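Trainee: Right, I'll just put the structure down here and ask away after.
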Amino acid sequence: MSKKSNTSKRYTAEFKRDAVALVHSSGKTVTEVARQIGVSPQGLRNWVNQDKADRGQGPAAALTSDEKEELRRLRRENRVG
């Protein structure tokens, strides 16, 4: 029986952008593209949804990447200070 790693892979912003662009341009499903490029379907789906939020096309409550980074920074400041 194989053991799953508890560490997650980190992908560059460029890789994520290219993966999302492939979903939009290929006519394939997220699952098909994920298999093709070797990432999890849910991970790719998250990237596609984040891209929509960043372009103002996601749900009203969805935070953009910039807003998420600011929230992380503020939480870090609150813990330290």
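Letters for chains follow the order of the structure tokens (A, B, ...), residue numbers begin at 1 for each chain, and ligand numbers begin at 1 in the order shown.
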Taking 6 positions as the minimum chain separation for residues in the same chain, which residues sit within 8 Å of range 20-24 of chain A when counting only C-alpha atoms? Answer as a compact mmCIF listing (two decimals) with all heavy atoms, in the first residue's frame.
Mentor:
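Output saved as selection-v6.txt:
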```txt
# COMPACT_ATOMS: atom_id res chain seq x y z
N VAL A 30 -12.19 20.38 -16.79
CA VAL A 30 -11.14 20.61 -15.80
C VAL A 30 -10.46 19.29 -15.45
O VAL A 30 -9.23 19.21 -15.36
CB VAL A 30 -11.72 21.30 -14.54
CG1 VAL A 30 -10.72 21.30 -13.40
CG2 VAL A 30 -12.17 22.72 -14.86
N VAL A 33 -8.06 18.19 -18.28
CA VAL A 33 -6.84 19.01 -18.30
C VAL A 33 -5.97 18.66 -17.10
O VAL A 33 -4.74 18.55 -17.23
CB VAL A 33 -7.19 20.52 -18.32
CG1 VAL A 33 -5.93 21.36 -18.15
CG2 VAL A 33 -7.90 20.88 -19.62
N LEU A 44 -6.93 22.29 -9.71
CA LEU A 44 -7.12 23.07 -10.93
C LEU A 44 -8.45 23.81 -10.89
O LEU A 44 -8.52 24.98 -11.30
CB LEU A 44 -7.04 22.16 -12.16
CG LEU A 44 -7.19 22.84 -13.52
CD1 LEU A 44 -6.22 23.98 -13.69
CD2 LEU A 44 -7.03 21.81 -14.64
N TRP A 47 -7.99 26.89 -8.95
CA TRP A 47 -7.28 27.92 -9.71
C TRP A 47 -8.20 28.61 -10.70
O TRP A 47 -8.15 29.83 -10.86
CB TRP A 47 -6.10 27.32 -10.45
CG TRP A 47 -5.07 26.66 -9.60
CD1 TRP A 47 -4.90 26.79 -8.24
CD2 TRP A 47 -4.07 25.75 -10.03
NE1 TRP A 47 -3.84 26.01 -7.82
CE2 TRP A 47 -3.32 25.36 -8.90
CE3 TRP A 47 -3.73 25.21 -11.27
CZ2 TRP A 47 -2.25 24.48 -8.98
CZ3 TRP A 47 -2.66 24.33 -11.34
CH2 TRP A 47 -1.93 23.97 -10.20
N VAL A 48 -9.07 27.84 -11.35
CA VAL A 48 -10.02 28.41 -12.31
C VAL A 48 -10.99 29.35 -11.58
O VAL A 48 -11.25 30.46 -12.03
CB VAL A 48 -10.78 27.30 -13.07
CG1 VAL A 48 -11.95 27.87 -13.87
CG2 VAL A 48 -9.82 26.53 -13.98
N ASP A 51 -9.23 32.53 -10.57
CA ASP A 51 -9.06 33.37 -11.75
C ASP A 51 -10.34 34.15 -12.04
O ASP A 51 -10.29 35.34 -12.34
CB ASP A 51 -8.66 32.52 -12.95
CG ASP A 51 -8.52 33.33 -14.22
OD1 ASP A 51 -7.62 34.20 -14.28
OD2 ASP A 51 -9.32 33.12 -15.16
```
Trainee: Mind checking which residues fall within 10 Å of range 67-73 of chain A, counting only C-alpha atoms, ignoring those fewer than 5 positions away in the same chain, and posting them as a count of residues only?
Mentor: 3
Trainee: Can you pull out every residue within 12 Å of Gly43 in chain A, counting only C-alpha atoms, but drop anything in the same chain fewer than 5 positions away, and send it as number ranges by chain?
Mentor: A: 8-11, 16, 19-20, 30-31, 33-35, 37-38, 48-50
Trainee: Create the file for the chosen residues now, containing N, CA and C atoms and written as an mmCIF file, in the first residue's frame.
Mentor:
```
data_model
loop_
_atom_site.group_PDB
_atom_site.id
_atom_site.type_symbol
_atom_site.label_atom_id
_atom_site.label_comp_id
_atom_site.auth_asym_id
_atom_site.auth_seq_id
_atom_site.Cartn_x
_atom_site.Cartn_y
_atom_site.Cartn_z
ATOM 1 N N SER A 8 2.255 19.327 0.300
ATOM 2 C CA SER A 8 1.608 19.641 -0.967
ATOM 3 C C SER A 8 2.633 20.256 -1.904
ATOM 4 N N LYS A 9 2.425 20.030 -3.188
ATOM 5 C CA LYS A 9 3.300 20.633 -4.180
ATOM 6 C C LYS A 9 2.954 22.106 -4.296
ATOM 7 N N ARG A 10 3.956 22.902 -4.555
ATOM 8 C CA ARG A 10 3.745 24.325 -4.815
ATOM 9 C C ARG A 10 3.985 24.569 -6.292
ATOM 10 N N TYR A 11 3.069 25.234 -6.921
ATOM 11 C CA TYR A 11 3.183 25.539 -8.336
ATOM 12 C C TYR A 11 3.375 27.036 -8.509
ATOM 13 N N LYS A 16 0.166 28.061 -12.959
ATOM 14 C CA LYS A 16 -1.276 28.133 -12.692
ATOM 15 C C LYS A 16 -1.996 28.913 -13.789
ATOM 16 N N ALA A 19 -2.201 26.771 -16.841
ATOM 17 C CA ALA A 19 -3.166 25.691 -16.652
ATOM 18 C C ALA A 19 -4.597 26.208 -16.823
ATOM 19 N N VAL A 20 -4.883 27.361 -16.237
ATOM 20 C CA VAL A 20 -6.218 27.964 -16.356
ATOM 21 C C VAL A 20 -6.493 28.323 -17.816
ATOM 22 N N VAL A 30 -12.189 20.376 -16.793
ATOM 23 C CA VAL A 30 -11.141 20.611 -15.801
ATOM 24 C C VAL A 30 -10.456 19.290 -15.450
ATOM 25 N N THR A 31 -11.235 18.241 -15.286
ATOM 26 C CA THR A 31 -10.678 16.936 -14.932
ATOM 27 C C THR A 31 -9.754 16.415 -16.027
ATOM 28 N N VAL A 33 -8.062 18.189 -18.281
ATOM 29 C CA VAL A 33 -6.844 19.010 -18.298
ATOM 30 C C VAL A 33 -5.965 18.663 -17.101
ATOM 31 N N ALA A 34 -6.577 18.491 -15.939
ATOM 32 C CA ALA A 34 -5.808 18.154 -14.735
ATOM 33 C C ALA A 34 -5.025 16.863 -14.941
ATOM 34 N N ARG A 35 -5.668 15.857 -15.499
ATOM 35 C CA ARG A 35 -4.976 14.586 -15.772
ATOM 36 C C ARG A 35 -3.837 14.788 -16.763
ATOM 37 N N ILE A 37 -2.003 17.448 -17.332
ATOM 38 C CA ILE A 37 -0.839 18.184 -16.826
ATOM 39 C C ILE A 37 -0.340 17.659 -15.482
ATOM 40 N N GLY A 38 -1.030 16.668 -14.917
ATOM 41 C CA GLY A 38 -0.543 16.020 -13.709
ATOM 42 C C GLY A 38 -0.829 16.745 -12.403
ATOM 43 N N VAL A 48 -9.069 27.837 -11.348
ATOM 44 C CA VAL A 48 -10.018 28.413 -12.308
ATOM 45 C C VAL A 48 -10.989 29.346 -11.579
ATOM 46 N N ASN A 49 -11.486 28.915 -10.429
ATOM 47 C CA ASN A 49 -12.412 29.755 -9.663
ATOM 48 C C ASN A 49 -11.730 31.013 -9.145
ATOM 49 N N GLN A 50 -10.467 30.908 -8.718
ATOM 50 C CA GLN A 50 -9.739 32.079 -8.249
ATOM 51 C C GLN A 50 -9.506 33.053 -9.391
#
```
Trainee: Report as an MDAnalysis selection string: the residues of chain A with a DSSP assignment of helix (DSSP H, G or I), based on the backbone of this structure.
Mentor: chainID A and resid 13:26 30:37 41:54 65:80
